[in-house]
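Working notes, beginning with the structure itself.
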Amino acid sequence: MGWFVRNKEGITTKTEDKKETPEGLWYKCKKCKVISSVEDHSANMWVCPNCGFHERINAKEYFSILFDEGKFTELNAKMTSGDPLKFEDTKKYVDRYKATVKKTGINDAVSTGYGKMNERDVVIAAMNFNFIGGSMGSVVGEKIAKAIDHSIKYNKPFIMISKSGGARMMEAAFSLMQMAKTSAKLAQLGEAKIPYISVLTDPTTGGVTASFAMLGDINIAEPGALIGFAGPRVVKETIGKDLPDGFQTSEFLLEHGFLDFISERKDLKSKMSNFLRMTQGEVKAKASN
(Lines give C-alpha, C1' and ligand atoms only; values in the text may rest on other atoms or scores of the structure.)
Protein backbone atom coordinates (compact mmCIF):
# COMPACT_ATOMS: atom_id res chain seq x y z
CA MET A 1 0.00 0.00 0.00
CA GLY A 2 2.99 2.28 0.45
CA TRP A 3 3.15 2.62 -3.30
CA PHE A 4 -0.25 4.31 -3.40
CA VAL A 5 -0.54 6.02 -0.06
CA ARG A 6 1.93 8.60 1.24
CA ASN A 7 3.25 7.31 4.57
CA LYS A 8 5.18 10.51 5.32
CA GLU A 9 4.36 14.16 4.97
CA GLY A 10 5.35 15.85 1.71
CA ILE A 11 7.19 19.15 1.60
CA THR A 12 7.45 20.42 5.16
CA THR A 13 9.48 23.61 4.62
CA LYS A 14 7.38 26.70 5.17
CA THR A 15 7.19 29.14 2.29
CA GLU A 16 8.85 31.94 4.27
CA ASP A 17 11.78 29.62 5.10
CA LYS A 18 12.52 28.66 1.49
CA LYS A 19 15.77 29.97 0.04
CA GLU A 20 16.18 31.11 -3.54
CA THR A 21 19.12 29.79 -5.56
CA PRO A 22 21.67 32.63 -5.71
CA GLU A 23 22.11 34.23 -9.14
CA GLY A 24 25.41 34.06 -10.95
CA LEU A 25 26.31 30.48 -10.01
CA TRP A 26 25.51 28.87 -13.36
CA TYR A 27 26.25 29.59 -17.01
CA LYS A 28 23.98 28.41 -19.83
CA CYS A 29 25.74 28.25 -23.20
CA LYS A 30 24.02 30.45 -25.78
CA LYS A 31 24.78 27.95 -28.54
CA CYS A 32 24.30 24.41 -27.18
CA LYS A 33 22.31 25.35 -24.02
CA VAL A 34 24.47 23.09 -21.83
CA ILE A 35 24.72 24.38 -18.25
CA SER A 36 27.99 24.57 -16.35
CA SER A 37 29.09 26.40 -13.23
CA VAL A 38 30.33 29.97 -13.63
CA GLU A 39 33.53 28.92 -11.88
CA ASP A 40 34.23 26.15 -14.41
CA HIS A 41 33.27 28.43 -17.29
CA SER A 42 35.71 31.16 -16.23
CA ALA A 43 38.43 28.57 -15.58
CA ASN A 44 37.96 27.48 -19.21
CA MET A 45 38.57 31.08 -20.37
CA TRP A 46 34.84 31.70 -20.83
CA VAL A 47 34.59 29.04 -23.54
CA CYS A 48 31.88 26.36 -23.44
CA PRO A 49 33.53 23.00 -22.68
CA ASN A 50 30.80 21.17 -24.61
CA CYS A 51 30.63 23.00 -27.97
CA GLY A 52 33.55 25.45 -27.85
CA PHE A 53 31.36 28.58 -28.04
CA HIS A 54 33.45 31.66 -27.17
CA GLU A 55 31.44 33.92 -24.86
CA ARG A 56 32.05 37.65 -25.19
CA ILE A 57 34.53 38.96 -22.65
CA ASN A 58 36.03 42.38 -22.07
CA ALA A 59 39.46 43.88 -21.49
CA LYS A 60 39.69 42.78 -17.86
CA GLU A 61 39.36 39.11 -18.87
CA TYR A 62 41.69 39.37 -21.87
CA PHE A 63 44.37 41.05 -19.75
CA SER A 64 44.12 38.22 -17.19
CA ILE A 65 44.63 35.67 -20.00
CA LEU A 66 47.39 37.38 -22.00
CA PHE A 67 49.60 39.22 -19.52
CA ASP A 68 51.90 36.99 -17.47
CA GLU A 69 50.20 36.33 -14.12
CA GLY A 70 47.63 38.96 -15.14
CA LYS A 71 50.04 41.75 -14.17
CA PHE A 72 50.14 44.96 -16.23
CA THR A 73 50.32 48.73 -15.97
CA GLU A 74 47.26 50.54 -17.30
CA LEU A 75 47.65 53.54 -19.61
CA ASN A 76 45.42 56.64 -19.50
CA ALA A 77 42.83 55.01 -17.25
CA LYS A 78 41.19 58.29 -16.22
CA MET A 79 40.55 59.66 -19.72
CA THR A 80 36.82 60.40 -20.24
CA SER A 81 34.64 61.62 -23.11
CA GLY A 82 33.08 65.05 -23.36
CA ASP A 83 29.75 65.97 -24.91
CA PRO A 84 30.73 68.45 -27.66
CA LEU A 85 27.41 68.14 -29.53
CA LYS A 86 25.12 68.26 -26.47
CA PHE A 87 23.58 65.13 -27.98
CA GLU A 88 20.21 63.82 -26.83
CA ASP A 89 18.01 60.98 -28.11
CA THR A 90 15.92 58.96 -25.63
CA LYS A 91 18.22 60.43 -22.98
CA LYS A 92 21.10 62.88 -22.85
CA TYR A 93 24.45 61.47 -23.95
CA VAL A 94 26.12 62.83 -20.83
CA ASP A 95 23.59 60.96 -18.65
CA ARG A 96 23.98 57.73 -20.65
CA TYR A 97 27.75 58.02 -20.36
CA LYS A 98 27.70 58.59 -16.59
CA ALA A 99 25.30 55.67 -16.07
CA THR A 100 27.53 53.33 -18.09
CA VAL A 101 30.63 54.39 -16.14
CA LYS A 102 28.80 53.67 -12.89
CA LYS A 103 27.51 50.29 -14.12
CA THR A 104 30.78 48.99 -15.63
CA GLY A 105 33.39 50.61 -13.40
CA ILE A 106 35.44 51.71 -16.43
CA ASN A 107 35.68 55.07 -18.18
CA ASP A 108 35.30 54.10 -21.83
CA ALA A 109 35.04 51.34 -24.41
CA VAL A 110 38.76 50.52 -24.59
CA SER A 111 41.36 49.69 -21.96
CA THR A 112 45.08 49.87 -22.68
CA GLY A 113 48.11 48.66 -20.77
CA TYR A 114 51.61 47.24 -21.01
CA GLY A 115 53.33 44.28 -19.41
CA LYS A 116 54.89 40.92 -20.19
CA MET A 117 53.40 38.25 -22.44
CA ASN A 118 55.43 35.05 -22.20
CA GLU A 119 58.28 37.20 -20.84
CA ARG A 120 58.12 39.57 -23.83
CA ASP A 121 57.23 43.28 -23.43
CA VAL A 122 53.96 44.13 -25.21
CA VAL A 123 51.31 46.84 -25.28
CA ILE A 124 47.71 45.62 -25.46
CA ALA A 125 44.53 47.57 -26.19
CA ALA A 126 41.28 45.65 -25.64
CA MET A 127 37.76 46.87 -26.24
CA ASN A 128 34.89 46.64 -23.75
CA PHE A 129 31.60 45.70 -25.44
CA ASN A 130 29.72 46.32 -22.20
CA PHE A 131 30.49 50.05 -22.56
CA ILE A 132 27.89 51.43 -25.01
CA GLY A 133 28.36 48.47 -27.33
CA GLY A 134 32.12 48.92 -27.58
CA SER A 135 31.45 51.99 -29.72
CA MET A 136 34.41 54.05 -30.89
CA GLY A 137 34.30 57.64 -29.66
CA SER A 138 37.00 60.26 -29.31
CA VAL A 139 38.44 58.69 -26.15
CA VAL A 140 38.71 55.25 -27.76
CA GLY A 141 40.70 56.67 -30.67
CA GLU A 142 42.88 58.80 -28.40
CA LYS A 143 43.68 55.93 -26.01
CA ILE A 144 44.61 53.65 -28.90
CA ALA A 145 46.79 56.41 -30.40
CA LYS A 146 48.58 56.96 -27.09
CA ALA A 147 49.09 53.21 -26.65
CA ILE A 148 50.71 53.10 -30.10
CA ASP A 149 52.90 56.07 -29.11
CA HIS A 150 54.04 54.05 -26.08
CA SER A 151 54.83 51.10 -28.35
CA ILE A 152 56.94 53.29 -30.64
CA LYS A 153 58.74 55.07 -27.80
CA TYR A 154 59.74 51.87 -26.03
CA ASN A 155 59.92 49.57 -29.09
CA LYS A 156 57.19 47.18 -27.86
CA PRO A 157 54.86 45.15 -30.11
CA PHE A 158 51.29 46.40 -30.20
CA ILE A 159 48.27 44.08 -29.87
CA MET A 160 44.73 45.31 -30.56
CA ILE A 161 41.72 43.22 -29.47
CA SER A 162 38.64 44.53 -31.24
CA LYS A 163 35.03 44.03 -30.17
CA SER A 164 32.73 46.81 -31.28
CA GLY A 165 29.40 47.81 -32.73
CA GLY A 166 31.11 50.59 -34.69
CA ALA A 167 31.38 54.36 -34.40
CA ARG A 168 29.76 56.19 -31.46
CA MET A 169 27.44 58.41 -33.42
CA MET A 170 26.52 60.51 -30.37
CA GLU A 171 29.88 62.15 -31.13
CA ALA A 172 29.29 62.24 -34.91
CA ALA A 173 32.37 63.56 -36.79
CA PHE A 174 34.48 63.42 -33.63
CA SER A 175 33.93 59.66 -33.69
CA LEU A 176 34.57 59.23 -37.42
CA MET A 177 37.85 61.13 -37.13
CA GLN A 178 39.22 58.31 -34.99
CA MET A 179 39.32 56.01 -38.03
CA ALA A 180 41.89 58.25 -39.70
CA LYS A 181 43.78 58.97 -36.48
CA THR A 182 44.29 55.33 -35.50
CA SER A 183 45.18 54.32 -39.07
CA ALA A 184 47.79 57.10 -39.25
CA LYS A 185 49.30 56.01 -35.94
CA LEU A 186 49.53 52.42 -37.19
CA ALA A 187 51.38 53.70 -40.26
CA GLN A 188 53.92 55.28 -37.91
CA LEU A 189 54.17 51.96 -36.05
CA GLY A 190 54.88 50.24 -39.36
CA GLU A 191 57.57 52.78 -40.27
CA ALA A 192 59.26 52.01 -36.94
CA LYS A 193 59.18 48.29 -37.92
CA ILE A 194 57.31 47.35 -34.76
CA PRO A 195 54.89 44.38 -35.09
CA TYR A 196 51.15 44.96 -34.89
CA ILE A 197 48.80 42.06 -34.16
CA SER A 198 45.07 42.57 -34.68
CA VAL A 199 42.68 40.17 -32.92
CA LEU A 200 39.07 40.32 -34.09
CA THR A 201 36.44 39.00 -31.68
CA ASP A 202 32.65 38.82 -31.65
CA PRO A 203 31.41 41.25 -32.89
CA THR A 204 33.82 43.47 -34.84
CA THR A 205 31.80 45.78 -37.07
CA GLY A 206 31.44 49.28 -38.49
CA GLY A 207 34.21 51.85 -38.40
CA VAL A 208 36.44 49.64 -36.27
CA THR A 209 36.52 47.00 -39.03
CA ALA A 210 37.05 49.75 -41.61
CA SER A 211 40.13 51.06 -39.80
CA PHE A 212 42.53 49.55 -37.26
CA ALA A 213 40.96 46.09 -36.94
CA MET A 214 41.92 45.05 -40.48
CA LEU A 215 45.35 46.72 -40.59
CA GLY A 216 47.37 44.20 -38.62
CA ASP A 217 50.65 42.75 -39.79
CA ILE A 218 48.72 39.63 -38.96
CA ASN A 219 44.94 39.44 -38.48
CA ILE A 220 43.64 36.76 -36.11
CA ALA A 221 40.05 35.97 -35.14
CA GLU A 222 38.32 33.89 -32.52
CA PRO A 223 36.05 31.06 -33.75
CA GLY A 224 32.55 32.03 -34.81
CA ALA A 225 33.09 35.79 -34.48
CA LEU A 226 30.84 38.16 -36.44
CA ILE A 227 33.14 40.40 -38.49
CA GLY A 228 32.01 42.94 -41.08
CA PHE A 229 31.26 46.57 -41.83
CA ALA A 230 27.46 46.44 -41.88
CA GLY A 231 25.54 43.62 -40.23
CA PRO A 232 24.10 40.71 -42.26
CA ARG A 233 20.53 42.03 -42.02
CA VAL A 234 21.53 45.42 -43.44
CA VAL A 235 23.57 43.81 -46.24
CA LYS A 236 20.69 41.51 -47.17
CA GLU A 237 18.20 44.38 -47.27
CA THR A 238 20.60 46.48 -49.36
CA ILE A 239 21.42 43.91 -52.04
CA GLY A 240 18.04 42.18 -51.95
CA LYS A 241 19.53 38.69 -51.99
CA ASP A 242 19.96 35.84 -49.56
CA LEU A 243 23.43 35.59 -48.04
CA PRO A 244 25.68 32.51 -48.05
CA ASP A 245 25.68 30.26 -44.98
CA GLY A 246 28.03 31.56 -42.30
CA PHE A 247 28.32 34.97 -44.00
CA GLN A 248 30.57 37.37 -42.03
CA THR A 249 31.73 34.74 -39.57
CA SER A 250 35.46 34.44 -38.94
CA GLU A 251 35.45 31.08 -40.77
CA PHE A 252 33.88 32.69 -43.86
CA LEU A 253 36.42 35.52 -43.82
CA LEU A 254 39.33 33.11 -43.45
CA GLU A 255 38.11 31.15 -46.47
CA HIS A 256 37.95 34.37 -48.52
CA GLY A 257 41.38 35.67 -47.53
CA PHE A 258 40.52 38.40 -45.03
CA LEU A 259 42.17 36.67 -42.06
CA ASP A 260 45.50 34.95 -41.53
CA PHE A 261 44.16 32.32 -39.14
CA ILE A 262 41.60 31.56 -36.45
CA SER A 263 42.74 30.79 -32.92
CA GLU A 264 40.86 29.40 -29.97
CA ARG A 265 41.21 31.58 -26.91
CA LYS A 266 43.34 29.04 -25.04
CA ASP A 267 45.94 29.11 -27.85
CA LEU A 268 45.95 32.85 -28.47
CA LYS A 269 48.79 33.77 -26.15
CA SER A 270 51.17 31.10 -27.42
CA LYS A 271 50.40 31.75 -31.10
CA MET A 272 50.93 35.50 -30.78
CA SER A 273 54.16 34.91 -28.87
CA ASN A 274 55.41 32.59 -31.64
CA PHE A 275 54.61 35.22 -34.26
CA LEU A 276 56.46 37.91 -32.33
CA ARG A 277 59.42 35.60 -31.82
CA MET A 278 59.68 35.10 -35.58
CA THR A 279 59.12 38.71 -36.65
CA GLN A 280 61.33 40.34 -34.04
CA GLY A 281 64.05 37.85 -34.83
CA GLU A 282 63.87 38.94 -38.47
CA VAL A 283 64.01 42.61 -37.47
CA LYS A 284 67.13 42.03 -35.37
CA ALA A 285 68.74 40.08 -38.21
CA LYS A 286 68.07 42.92 -40.67
CA ALA A 287 69.39 45.50 -38.20
CA SER A 288 72.64 43.54 -37.76
CA ASN A 289 73.13 43.42 -41.53
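By convention in this document, the chains of the C-alpha coordinates carry letters A, B, ... by their order, each chain's residues are numbered from 1, and ligands are numbered from 1 in the order they are shown.
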List every residue of range 141-186 of chain A that DSSP, applied to the backbone of this structure, places in alpha helix (DSSP H), and write the result as a ChimeraX atom specification. /A:141-154,173-186
Write out the residues from the selection above, keeping N, CA, C and O atoms, as a short mmCIF file (atom, residue, chain, number, x, y, z; two decimals), in the first residue's frame.
data_model
loop_
_atom_site.label_atom_id
_atom_site.label_comp_id
_atom_site.auth_asym_id
_atom_site.auth_seq_id
_atom_site.Cartn_x
_atom_site.Cartn_y
_atom_site.Cartn_z
N GLY A 141 39.65 56.37 -29.70
CA GLY A 141 40.70 56.67 -30.67
C GLY A 141 41.94 57.25 -30.02
O GLY A 141 43.07 56.89 -30.37
N GLU A 142 41.74 58.15 -29.06
CA GLU A 142 42.88 58.80 -28.40
C GLU A 142 43.67 57.80 -27.55
O GLU A 142 44.91 57.83 -27.54
N LYS A 143 42.98 56.91 -26.85
CA LYS A 143 43.68 55.93 -26.01
C LYS A 143 44.46 54.93 -26.87
O LYS A 143 45.58 54.54 -26.51
N ILE A 144 43.89 54.54 -27.99
CA ILE A 144 44.61 53.65 -28.90
C ILE A 144 45.84 54.36 -29.46
O ILE A 144 46.93 53.79 -29.54
N ALA A 145 45.67 55.63 -29.86
CA ALA A 145 46.79 56.41 -30.40
C ALA A 145 47.91 56.54 -29.37
O ALA A 145 49.10 56.38 -29.70
N LYS A 146 47.55 56.81 -28.13
CA LYS A 146 48.58 56.96 -27.09
C LYS A 146 49.25 55.62 -26.76
O LYS A 146 50.43 55.58 -26.44
N ALA A 147 48.49 54.53 -26.85
CA ALA A 147 49.09 53.21 -26.65
C ALA A 147 50.10 52.90 -27.75
O ALA A 147 51.17 52.33 -27.50
N ILE A 148 49.77 53.29 -28.99
CA ILE A 148 50.71 53.10 -30.10
C ILE A 148 51.95 53.98 -29.90
O ILE A 148 53.08 53.54 -30.16
N ASP A 149 51.76 55.19 -29.41
CA ASP A 149 52.90 56.07 -29.11
C ASP A 149 53.83 55.40 -28.09
O ASP A 149 55.06 55.48 -28.20
N HIS A 150 53.24 54.76 -27.09
CA HIS A 150 54.04 54.05 -26.08
C HIS A 150 54.81 52.90 -26.73
O HIS A 150 55.99 52.67 -26.41
N SER A 151 54.16 52.19 -27.64
CA SER A 151 54.83 51.10 -28.35
C SER A 151 56.04 51.61 -29.14
O SER A 151 57.11 51.00 -29.13
N ILE A 152 55.85 52.73 -29.83
CA ILE A 152 56.94 53.29 -30.64
C ILE A 152 58.08 53.79 -29.75
O ILE A 152 59.25 53.54 -30.03
N LYS A 153 57.72 54.49 -28.68
CA LYS A 153 58.74 55.07 -27.80
C LYS A 153 59.61 54.01 -27.17
O LYS A 153 60.84 54.17 -27.06
N TYR A 154 58.99 52.89 -26.76
CA TYR A 154 59.74 51.87 -26.03
C TYR A 154 59.99 50.60 -26.85
O TYR A 154 60.43 49.59 -26.32
N ALA A 173 31.08 63.44 -36.09
CA ALA A 173 32.37 63.56 -36.79
C ALA A 173 33.55 63.33 -35.86
O ALA A 173 34.60 62.85 -36.30
N PHE A 174 33.40 63.66 -34.59
CA PHE A 174 34.48 63.42 -33.63
C PHE A 174 34.79 61.92 -33.54
O PHE A 174 35.93 61.53 -33.34
N SER A 175 33.73 61.10 -33.69
CA SER A 175 33.93 59.66 -33.69
C SER A 175 34.57 59.19 -34.99
O SER A 175 35.52 58.41 -34.99
N LEU A 176 34.06 59.67 -36.11
CA LEU A 176 34.57 59.23 -37.42
C LEU A 176 36.03 59.62 -37.62
O LEU A 176 36.77 58.92 -38.32
N MET A 177 36.45 60.71 -37.02
CA MET A 177 37.85 61.13 -37.13
C MET A 177 38.82 60.10 -36.56
O MET A 177 39.99 60.05 -36.95
N GLN A 178 38.33 59.27 -35.64
CA GLN A 178 39.22 58.31 -34.99
C GLN A 178 39.68 57.22 -35.96
O GLN A 178 40.73 56.60 -35.75
N MET A 179 38.91 56.98 -37.01
CA MET A 179 39.32 56.01 -38.03
C MET A 179 40.62 56.45 -38.69
O MET A 179 41.56 55.67 -38.85
N ALA A 180 40.68 57.73 -39.06
CA ALA A 180 41.89 58.25 -39.70
C ALA A 180 43.04 58.36 -38.71
O ALA A 180 44.20 58.04 -39.04
N LYS A 181 42.73 58.79 -37.49
CA LYS A 181 43.78 58.97 -36.48
C LYS A 181 44.48 57.65 -36.16
O LYS A 181 45.71 57.57 -36.16
N THR A 182 43.69 56.62 -35.87
CA THR A 182 44.29 55.33 -35.50
C THR A 182 45.04 54.70 -36.67
O THR A 182 46.10 54.09 -36.49
N SER A 183 44.50 54.87 -37.88
CA SER A 183 45.18 54.32 -39.07
C SER A 183 46.51 55.02 -39.30
O SER A 183 47.52 54.39 -39.66
N ALA A 184 46.55 56.34 -39.09
CA ALA A 184 47.79 57.10 -39.25
C ALA A 184 48.83 56.68 -38.21
O ALA A 184 50.03 56.55 -38.52
N LYS A 185 48.38 56.44 -36.99
CA LYS A 185 49.30 56.01 -35.94
C LYS A 185 49.87 54.62 -36.25
O LYS A 185 51.05 54.35 -35.99
N LEU A 186 49.04 53.75 -36.82
CA LEU A 186 49.53 52.42 -37.19
C LEU A 186 50.54 52.50 -38.33
O LEU A 186 51.46 51.68 -38.40
#
What lies within 9 Å of range 126-139 of chain A using only C-alpha atoms, ignoring chain neighbours under 2 positions off, as an NGL selection string? :A and (56-60 or 62-63 or 79-82 or 96-97 or 100-101 or 103-104 or 106-113 or 124 or 141-144 or 159-172 or 174-179 or 203 or 207-208)
Among range 34-254 of chain A, which ones does DSSP place in strand (DSSP E or B), written as a ChimeraX atom specification? /A:35-37,47,54,72-75,88,92,110-117,120-127,136,158-164,167,196-204,218-221,226-227,249
Using only C-alpha atoms, which residues sit within 9 Å of Ser198 in chain A once same-chain residues fewer than 3 positions away are excluded, as an NGL selection string? :A and (158-162 or 212-221)
Separation of CA of Glu55 in chain A from CA of Tyr27 in chain A in Å: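 Computing the Euclidean distance for CA of Tyr27 in chain A and CA of Glu55 in chain A yields 10.4 Å.
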Could you tell me how far CA of Val140 in chain A lies from CA of Leu85 in chain A, in Å and to one decimal? 17.2 Å
